[in-house]
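Chemist: Structure file protein28.csv (CSV, C-alpha atoms) is given on the next line.
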```csv
chain,number,residue,atom,x,y,z
N,11,MET,CA,10.6,-34.3,14.0
N,12,SER,CA,12.5,-31.0,14.1
N,13,THR,CA,10.6,-27.8,15.0
N,14,LYS,CA,10.6,-25.2,12.3
N,15,LYS,CA,12.0,-21.9,13.4
N,16,ILE,CA,11.9,-18.4,11.9
N,17,GLY,CA,15.1,-16.7,11.2
N,18,PHE,CA,16.6,-14.3,13.9
N,19,PHE,CA,16.0,-11.1,12.0
N,20,GLU,CA,12.5,-12.2,10.8
N,21,LYS,CA,11.5,-13.4,14.3
N,22,TYR,CA,12.3,-10.0,15.9
N,23,LEU,CA,11.4,-7.9,12.9
N,24,THR,CA,8.7,-6.1,15.0
N,25,ILE,CA,11.4,-5.1,17.5
N,26,TRP,CA,13.7,-3.8,14.8
N,27,VAL,CA,10.8,-1.9,13.2
N,28,ALA,CA,9.8,-0.4,16.5
N,29,LEU,CA,13.4,0.7,17.1
N,30,GLY,CA,13.7,2.1,13.6
N,31,ILE,CA,10.5,4.1,14.1
N,32,LEU,CA,11.7,5.4,17.5
N,33,GLY,CA,15.1,6.2,16.1
N,34,GLY,CA,13.6,8.0,13.1
N,35,ILE,CA,11.3,10.1,15.2
N,36,GLY,CA,14.2,11.0,17.5
N,37,ILE,CA,16.4,12.0,14.5
N,38,GLY,CA,13.6,14.0,13.0
N,39,HIS,CA,13.0,15.8,16.2
N,40,LEU,CA,16.7,16.6,16.9
N,41,ALA,CA,17.5,17.4,13.3
N,42,GLY,CA,14.7,19.9,12.9
N,43,GLY,CA,14.7,21.7,9.6
N,44,SER,CA,18.0,20.2,8.5
N,45,ILE,CA,16.2,17.0,7.7
N,46,GLU,CA,14.5,18.8,4.9
N,47,VAL,CA,17.8,18.7,2.9
N,48,ILE,CA,17.5,14.9,2.6
N,49,SER,CA,13.7,15.0,2.0
N,50,SER,CA,14.1,17.5,-0.8
N,51,LEU,CA,16.3,15.2,-2.9
N,52,GLU,CA,13.5,14.2,-5.3
N,53,ILE,CA,12.9,13.3,-8.9
N,54,ALA,CA,9.3,13.1,-10.1
N,55,LYS,CA,8.0,13.2,-6.4
N,56,VAL,CA,10.2,10.2,-5.5
N,57,ASN,CA,12.8,10.8,-2.8
N,58,ILE,CA,16.1,9.5,-4.2
N,59,PRO,CA,17.6,8.0,-1.0
N,60,VAL,CA,14.3,6.3,-0.1
N,61,ALA,CA,13.9,5.0,-3.7
N,62,ILE,CA,17.3,3.4,-3.6
N,63,LEU,CA,16.5,1.7,-0.2
N,64,ILE,CA,13.1,0.4,-1.4
N,65,TRP,CA,14.8,-1.0,-4.6
N,66,LEU,CA,17.2,-2.8,-2.4
N,67,MET,CA,14.3,-4.3,-0.5
N,68,ILE,CA,12.5,-5.5,-3.5
N,69,TYR,CA,15.4,-6.8,-5.7
N,70,PRO,CA,16.3,-9.7,-3.4
N,71,MET,CA,12.7,-10.9,-3.4
N,72,MET,CA,12.5,-10.9,-7.2
N,73,LEU,CA,15.6,-13.1,-7.3
N,74,GLN,CA,13.5,-15.9,-5.6
N,75,VAL,CA,10.7,-15.8,-8.2
N,76,ASP,CA,10.7,-18.8,-10.6
N,77,PHE,CA,8.2,-18.2,-13.4
N,78,SER,CA,8.7,-21.7,-14.8
N,79,SER,CA,6.8,-22.9,-11.8
N,80,ILE,CA,3.6,-21.3,-13.2
N,81,LYS,CA,3.1,-24.4,-15.4
N,82,LYS,CA,2.3,-26.3,-12.2
N,83,ILE,CA,-0.8,-24.2,-11.6
N,84,GLY,CA,-3.0,-26.8,-13.2
N,85,GLN,CA,-2.2,-29.4,-10.5
N,86,ARG,CA,-4.1,-27.5,-7.8
N,87,PRO,CA,-6.3,-24.9,-9.6
N,88,LYS,CA,-8.9,-24.4,-6.8
N,89,GLY,CA,-6.3,-23.1,-4.3
N,90,VAL,CA,-4.8,-20.7,-6.8
N,91,VAL,CA,-8.2,-19.5,-8.0
N,92,LEU,CA,-9.3,-18.9,-4.4
N,93,THR,CA,-6.4,-16.7,-3.5
N,94,LEU,CA,-6.6,-14.8,-6.7
N,95,VAL,CA,-10.3,-14.1,-6.1
N,96,VAL,CA,-9.5,-12.9,-2.6
N,97,ASN,CA,-6.4,-10.9,-3.5
N,98,TRP,CA,-7.9,-9.1,-6.5
N,99,LEU,CA,-11.7,-9.1,-6.3
N,100,ILE,CA,-12.3,-8.9,-2.5
N,101,LYS,CA,-9.2,-7.6,-0.6
N,102,PRO,CA,-8.7,-4.2,-2.2
N,103,PHE,CA,-12.4,-3.4,-1.8
N,104,SER,CA,-12.7,-4.6,1.8
N,105,MET,CA,-9.7,-2.5,2.7
N,106,ALA,CA,-11.2,0.5,1.0
N,107,PHE,CA,-14.4,-0.1,3.0
N,108,PHE,CA,-12.6,-0.4,6.4
N,109,ALA,CA,-10.5,2.7,5.6
N,110,TRP,CA,-13.6,4.7,4.6
N,111,LEU,CA,-15.5,3.5,7.7
N,112,PHE,CA,-12.8,4.5,10.2
N,113,PHE,CA,-11.0,7.5,8.6
N,114,SER,CA,-14.1,9.2,7.2
N,115,LYS,CA,-16.7,8.2,9.8
N,116,LEU,CA,-15.5,6.8,13.1
N,117,TYR,CA,-12.4,9.0,13.3
N,118,GLN,CA,-14.0,12.4,12.6
N,119,ALA,CA,-13.2,13.7,16.0
N,120,TRP,CA,-9.5,13.0,15.6
N,121,ILE,CA,-8.6,13.2,11.9
N,122,ASP,CA,-9.2,16.2,9.9
N,123,PRO,CA,-11.9,15.5,7.2
N,124,GLY,CA,-9.7,17.1,4.6
N,125,MET,CA,-6.9,14.7,5.3
N,126,ALA,CA,-9.1,11.6,5.6
N,127,GLY,CA,-8.8,10.9,1.8
N,128,GLU,CA,-5.1,10.5,2.0
N,129,TYR,CA,-5.3,8.1,5.0
N,130,ILE,CA,-7.8,6.1,3.0
N,131,ALA,CA,-5.5,6.2,0.0
N,132,GLY,CA,-2.6,4.7,2.0
N,133,ALA,CA,-4.8,1.9,3.2
N,134,ILE,CA,-6.0,1.2,-0.4
N,135,LEU,CA,-2.4,1.0,-1.6
N,136,LEU,CA,-1.7,-1.7,1.1
N,137,GLY,CA,-4.9,-3.6,0.3
N,138,ALA,CA,-4.2,-3.7,-3.5
N,139,ALA,CA,-0.7,-5.1,-3.1
N,140,PRO,CA,-0.7,-8.8,-2.1
N,141,CYS,CA,2.4,-10.2,-0.4
N,142,THR,CA,5.3,-11.5,-2.5
N,143,ALA,CA,8.1,-12.0,0.0
N,144,MET,CA,7.4,-12.7,3.7
N,145,VAL,CA,4.7,-15.1,2.6
N,146,PHE,CA,7.4,-17.7,2.1
N,147,VAL,CA,8.2,-17.5,5.8
N,148,TRP,CA,4.5,-17.8,6.8
N,149,SER,CA,4.0,-20.7,4.5
N,150,TYR,CA,7.1,-22.5,5.8
N,151,LEU,CA,6.1,-22.0,9.5
N,152,THR,CA,2.6,-23.5,8.8
N,153,ASP,CA,3.8,-26.5,6.8
N,154,GLY,CA,2.5,-25.0,3.6
N,155,ASP,CA,3.4,-26.5,0.2
N,156,PRO,CA,6.5,-24.6,-1.0
N,157,ASN,CA,5.7,-25.3,-4.7
N,158,TYR,CA,2.2,-24.0,-4.4
N,159,THR,CA,3.4,-20.9,-2.5
N,160,LEU,CA,6.0,-20.3,-5.3
N,161,VAL,CA,3.3,-20.6,-8.0
N,162,GLN,CA,1.0,-18.2,-6.1
N,163,VAL,CA,3.8,-15.6,-5.7
N,164,SER,CA,4.8,-15.9,-9.3
N,165,VAL,CA,1.2,-15.4,-10.5
N,166,ASN,CA,0.7,-12.5,-8.2
N,167,ASP,CA,3.8,-10.8,-9.5
N,168,LEU,CA,2.4,-11.1,-13.0
N,169,ILE,CA,-1.0,-9.8,-12.1
N,170,ILE,CA,0.4,-6.8,-10.2
N,171,LEU,CA,1.9,-5.6,-13.4
N,172,VAL,CA,-1.5,-5.3,-15.0
N,173,ALA,CA,-4.1,-5.1,-12.2
N,174,PHE,CA,-2.5,-2.8,-9.5
N,175,VAL,CA,-2.7,0.4,-11.5
N,176,PRO,CA,-6.4,0.2,-12.6
N,177,ILE,CA,-7.6,-1.1,-9.2
N,178,VAL,CA,-5.8,1.5,-7.2
N,179,GLY,CA,-6.8,4.2,-9.7
N,180,PHE,CA,-10.5,3.2,-9.5
N,181,LEU,CA,-10.6,3.0,-5.7
N,182,LEU,CA,-8.7,6.3,-5.2
N,183,GLY,CA,-11.0,7.9,-7.7
N,184,ILE,CA,-14.1,7.1,-5.7
N,185,THR,CA,-12.5,8.5,-2.6
N,186,ASP,CA,-12.2,11.9,-4.4
N,187,VAL,CA,-8.4,11.8,-4.4
N,188,THR,CA,-6.8,13.1,-7.6
N,189,ILE,CA,-4.4,10.4,-8.9
N,190,PRO,CA,-1.7,11.1,-11.5
N,191,TYR,CA,-1.6,7.9,-13.5
N,192,ASP,CA,1.8,8.7,-15.0
N,193,THR,CA,3.3,8.7,-11.5
N,194,LEU,CA,1.6,5.5,-10.5
N,195,VAL,CA,2.7,3.7,-13.7
N,196,ALA,CA,6.2,5.0,-13.2
N,197,SER,CA,6.2,3.6,-9.7
N,198,ILE,CA,5.2,0.2,-10.9
N,199,VAL,CA,7.9,0.2,-13.5
N,200,THR,CA,10.5,1.4,-11.1
N,201,PHE,CA,9.6,-0.8,-8.1
N,202,VAL,CA,8.3,-3.9,-9.9
N,203,VAL,CA,9.2,-4.2,-13.5
N,204,ILE,CA,12.9,-3.1,-13.3
N,205,PRO,CA,13.8,-5.2,-10.2
N,206,LEU,CA,11.8,-8.1,-11.6
N,207,VAL,CA,13.8,-8.1,-14.9
N,208,ALA,CA,17.0,-7.5,-13.0
N,209,GLY,CA,16.2,-10.4,-10.6
N,210,VAL,CA,15.4,-12.8,-13.4
N,211,LEU,CA,18.6,-11.9,-15.4
N,212,THR,CA,20.7,-12.1,-12.2
N,213,GLN,CA,19.2,-15.5,-11.3
N,214,LYS,CA,19.8,-17.0,-14.8
N,215,LEU,CA,23.4,-15.7,-14.8
N,216,LEU,CA,24.3,-17.0,-11.3
N,217,LEU,CA,22.5,-20.4,-11.9
N,218,LYS,CA,24.5,-20.8,-15.0
N,219,SER,CA,27.8,-19.9,-13.5
N,220,HIS,CA,27.5,-21.3,-10.0
N,221,GLY,CA,24.7,-23.8,-10.0
N,222,ASP,CA,21.3,-24.1,-8.2
N,223,GLU,CA,22.7,-25.3,-4.8
N,224,TRP,CA,25.1,-22.4,-4.4
N,225,PHE,CA,22.5,-19.9,-5.5
N,226,LYS,CA,19.9,-21.1,-3.0
N,227,LYS,CA,22.1,-22.1,-0.1
N,228,VAL,CA,24.9,-19.5,-0.3
N,229,PHE,CA,23.9,-16.5,-2.4
N,230,LEU,CA,20.3,-16.0,-1.3
N,231,PRO,CA,21.0,-16.3,2.5
N,232,ARG,CA,23.8,-13.8,2.2
N,233,LEU,CA,21.5,-11.4,0.4
N,234,LYS,CA,18.6,-11.7,2.8
N,235,PRO,CA,19.9,-9.2,5.3
N,236,VAL,CA,20.1,-6.6,2.6
N,237,SER,CA,16.2,-6.4,2.4
N,238,ILE,CA,15.9,-6.1,6.2
N,239,VAL,CA,18.6,-3.5,6.6
N,240,ALA,CA,17.1,-1.5,3.7
N,241,LEU,CA,13.6,-1.8,5.2
N,242,LEU,CA,14.9,-0.5,8.6
N,243,ALA,CA,16.9,2.3,7.0
N,244,THR,CA,13.8,3.3,5.0
N,245,LEU,CA,11.7,3.4,8.2
N,246,VAL,CA,14.3,5.6,9.9
N,247,LEU,CA,14.2,8.1,7.1
N,248,LEU,CA,10.4,8.0,6.7
N,249,PHE,CA,9.8,8.6,10.4
N,250,ALA,CA,12.6,11.2,10.6
N,251,PHE,CA,10.7,13.1,7.9
N,252,GLN,CA,7.4,12.5,9.8
N,253,GLY,CA,9.0,12.8,13.2
N,254,GLN,CA,7.6,16.2,14.4
N,255,SER,CA,4.1,15.4,13.2
N,256,ILE,CA,4.1,12.1,15.1
N,257,ILE,CA,5.4,13.7,18.2
N,258,ASN,CA,2.6,16.2,18.0
N,259,HIS,CA,0.0,13.5,17.2
N,260,PRO,CA,1.2,10.2,18.6
N,261,PHE,CA,-2.3,8.8,18.9
N,262,VAL,CA,-2.5,8.7,15.1
N,263,ILE,CA,-0.4,5.5,15.0
N,264,LEU,CA,-2.9,3.6,17.0
N,265,LEU,CA,-5.8,5.0,15.0
N,266,VAL,CA,-4.2,3.9,11.7
N,267,ALA,CA,-3.4,0.4,13.1
N,268,VAL,CA,-6.9,-0.5,14.0
N,269,PRO,CA,-8.5,-0.8,10.5
N,270,LEU,CA,-5.3,-2.4,9.1
N,271,VAL,CA,-5.4,-5.2,11.8
N,272,LEU,CA,-9.1,-5.8,11.3
N,273,GLN,CA,-8.6,-6.1,7.5
N,274,THR,CA,-5.8,-8.7,8.0
N,275,TYR,CA,-7.9,-10.9,10.3
N,276,PHE,CA,-11.0,-10.5,8.1
N,277,ILE,CA,-9.2,-11.7,4.9
N,278,PHE,CA,-7.4,-14.6,6.7
N,279,PHE,CA,-10.7,-16.0,8.2
N,280,LEU,CA,-12.5,-15.5,4.9
N,281,THR,CA,-9.8,-17.3,2.9
N,282,TRP,CA,-9.3,-20.0,5.5
N,283,PHE,CA,-13.0,-21.1,5.8
N,284,ALA,CA,-13.5,-20.8,2.1
N,285,GLY,CA,-10.5,-23.1,1.6
N,286,ARG,CA,-12.0,-25.6,4.1
N,287,ARG,CA,-15.3,-25.5,2.3
N,288,LEU,CA,-13.5,-26.2,-1.0
N,289,LYS,CA,-11.8,-29.1,0.7
N,290,LEU,CA,-8.3,-27.8,0.1
N,291,PRO,CA,-5.6,-29.8,2.0
N,292,HIS,CA,-3.9,-27.9,4.8
N,293,PRO,CA,-0.6,-27.4,2.9
N,294,VAL,CA,-2.6,-25.5,0.3
N,295,CYS,CA,-5.2,-23.8,2.5
N,296,SER,CA,-2.7,-22.4,5.0
N,297,PRO,CA,-0.5,-20.5,2.5
N,298,ALA,CA,-3.6,-19.4,0.6
N,299,ALA,CA,-4.9,-17.7,3.7
N,300,MET,CA,-1.5,-16.2,4.6
N,301,ILE,CA,-1.0,-14.8,1.1
N,302,GLY,CA,-4.3,-13.1,1.2
N,303,ALA,CA,-3.8,-11.6,4.7
N,304,SER,CA,-0.3,-10.2,4.2
N,305,ASN,CA,0.7,-7.3,2.0
N,306,PHE,CA,3.5,-6.2,-0.4
N,307,PHE,CA,4.1,-3.3,1.9
N,308,GLU,CA,7.4,-2.3,0.1
N,309,LEU,CA,5.4,-1.6,-3.0
N,310,ALA,CA,2.7,0.2,-1.1
N,311,VAL,CA,5.3,2.4,0.7
N,312,ALA,CA,7.0,3.2,-2.6
N,313,VAL,CA,3.8,4.2,-4.5
N,314,ALA,CA,2.5,6.2,-1.5
N,315,ILE,CA,5.7,8.2,-1.4
N,316,SER,CA,5.6,8.7,-5.2
N,317,LEU,CA,2.0,9.8,-5.3
N,318,PHE,CA,1.5,11.8,-2.1
N,319,GLY,CA,5.0,12.6,-0.8
N,320,LEU,CA,7.2,11.6,2.1
N,321,HIS,CA,5.3,13.7,4.6
N,322,SER,CA,1.8,12.5,3.6
N,323,PRO,CA,-0.7,10.7,5.7
N,324,ALA,CA,-0.8,8.1,2.9
N,325,ALA,CA,2.9,7.3,3.4
N,326,LEU,CA,2.4,7.1,7.1
N,327,VAL,CA,-0.4,4.6,6.8
N,328,THR,CA,1.7,2.3,4.6
N,329,VAL,CA,4.6,2.5,7.1
N,330,VAL,CA,2.3,1.7,10.0
N,331,GLY,CA,1.3,-1.3,7.9
N,332,VAL,CA,4.8,-2.6,8.2
N,333,LEU,CA,4.7,-2.1,12.0
N,334,VAL,CA,1.5,-4.2,12.5
N,335,GLU,CA,2.0,-6.8,9.9
N,336,VAL,CA,4.6,-9.0,11.6
N,337,PRO,CA,3.0,-9.5,15.0
N,338,VAL,CA,-0.4,-10.0,13.4
N,339,MET,CA,0.9,-12.5,10.9
N,340,LEU,CA,2.7,-14.4,13.6
N,341,SER,CA,-0.5,-14.7,15.5
N,342,LEU,CA,-2.2,-16.1,12.4
N,343,VAL,CA,0.7,-18.6,12.0
N,344,ALA,CA,0.0,-19.9,15.5
N,345,LEU,CA,-3.7,-20.1,14.7
N,346,ALA,CA,-3.2,-22.0,11.4
N,347,ASN,CA,-1.0,-24.5,13.2
N,348,ARG,CA,-3.5,-24.9,16.0
N,349,TRP,CA,-6.2,-25.6,13.4
N,350,LYS,CA,-4.0,-27.9,11.4
N,351,TYR,CA,-6.0,-30.8,9.8
```
What would you get if you wrote out this structure as structure tokens?
Modeler:
Amino acid sequence: MSTKKIGFFEKYLTIWVALGILGGIGIGHLAGGSIEVISSLEIAKVNIPVAILIWLMIYPMMLQVDFSSIKKIGQRPKGVVLTLVVNWLIKPFSMAFFAWLFFSKLYQAWIDPGMAGEYIAGAILLGAAPCTAMVFVWSYLTDGDPNYTLVQVSVNDLIILVAFVPIVGFLLGITDVTIPYDTLVASIVTFVVIPLVAGVLTQKLLLKSHGDEWFKKVFLPRLKPVSIVALLATLVLLFAFQGQSIINHPFVILLVAVPLVLQTYFIFFLTWFAGRRLKLPHPVCSPAAMIGASNFFELAVAVAISLFGLHSPAALVTVVGVLVEVPVMLSLVALANRWKY
């Protein structure tokens, strides 16, 4: 039996992310005030270069969504219901709790109380955005059912369109952060609806003209590096804009990472043991836990930038989420395989 392997770029994504962060910090430090020229290119609080890069991250993911697979949801309803409950009724609120506990209480000596709300906001944006892309990799590496994973991702994409705004709005409201709903809705339209529609239309056109095998084995693999390159370029820009602040306060990265890592492990264990209690088979239980634990960090980064700006603590939290997600999820992949049943 052949051993499943993660792709080269995905396998070393943590290294690329770390290099992108270091490169961005270095550029920001060396460029000084001149970096403000790029950061000032905004429309409705959205930085244009970053918006283009984030769109390039999300569009290839939307090409993989097959909404016709939703009709298969009735075959394994318990697994889908479990992950939907975790993703939308538990995860955003547990993330809000961890963020409040650390940023408002435990970190009072290091984080200014006036800025704690924005750090909490960034964490909430991560917690309210369930994964729609890398989860395919995590599922594959743990022998998850690919059809189930596809159904879950498709359902999540639909729910994001209607649930993300009210959940984020409610949670940000109770943290005393003023939220402009028009900007939040505009972000969802820009970074979910438009690429989703573009992805579906592109998929239909290419399937009709070139066939399913060419689309999956030739086109999608060629497009995959686009997302990673766009992600890395986004990180370089984000950390270039935040560079001087990070150099002045390097300890903040570690502080931010702690509640994000705790949240990830908490959601994984909660979903895993709930799935075992529901007697879900391993190919369903494993991707269910992975989907709950991971985040749609591209969306979180986009909305954080739109709502609070490129230089904000909220944007920094979402970017740190990218940094910690890959190594943490790889550790959970190893754990799921060790517990395989």
Chemist: Pick the closest to N:Lys234 from N:Met72, N:Leu181, N:Leu40, N:Val27: which is it, counting only C-alpha atoms?
Modeler: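 Among the listed residues, N:Met72 lies closest to N:Lys234.
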Chemist: Do a neighbour search on N:Leu171 at 12 Å with only C-alpha atoms, toss out local chain neighbours closer than 6 positions, and write the hits as a list of chain:residue names.
Modeler: N:Ala138, N:Ala139, N:Ser164, N:Val165, N:Ile177, N:Leu194, N:Val195, N:Ala196, N:Ser197, N:Ile198, N:Val199, N:Thr200, N:Phe201, N:Val202, N:Val203, N:Ile204, N:Leu206, N:Leu309
Chemist: Write out as an MDAnalysis selection string the residues lying within 12 Å of N:Leu51, counting all atoms listed in the file and excluding same-chain residues fewer than 6 positions away.
Modeler: chainID N and resid 45 57:62 319:320
Chemist: Counting only C-alpha atoms, find the residues whose atoms lie at most 10 Å from (7.6, 2.6, 8.9) (file coordinates) and write them out as a PyMOL selection string.
Modeler: chain N and resi 27-28+30-32+34+241-249+252+307+311+325-334
Chemist: Find the residues around N:Ser237 up to 10 Å (all atoms listed in the file counted), leave out those fewer than 3 positions away in its own chain, and share them as a list in words.
Modeler: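 Once the nearby chain positions are removed, what remains is Leu63, Ile64, Trp65, Leu66, Met67, Ile68, Tyr69, Pro70, Met71, Leu233, Lys234, Ala240, Leu241, Leu242, Ala243 and Glu308 of chain N.
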Chemist: Figure out the distance between atom CA of N:Ile301 and atom CA of N:Val175, please, to one decimal in Å.
Modeler: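 It comes out at 19.8 Å.
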Chemist: Which of these, N:Ser149, N:Gln118, N:Thr212, N:Thr93, has the shortest distance to N:Leu280 once you count only C-alpha atoms?
Modeler: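 Checking each of N:Ser149, N:Gln118, N:Thr212, N:Thr93 against N:Leu280, counting only C-alpha atoms, the winner is N:Thr93.
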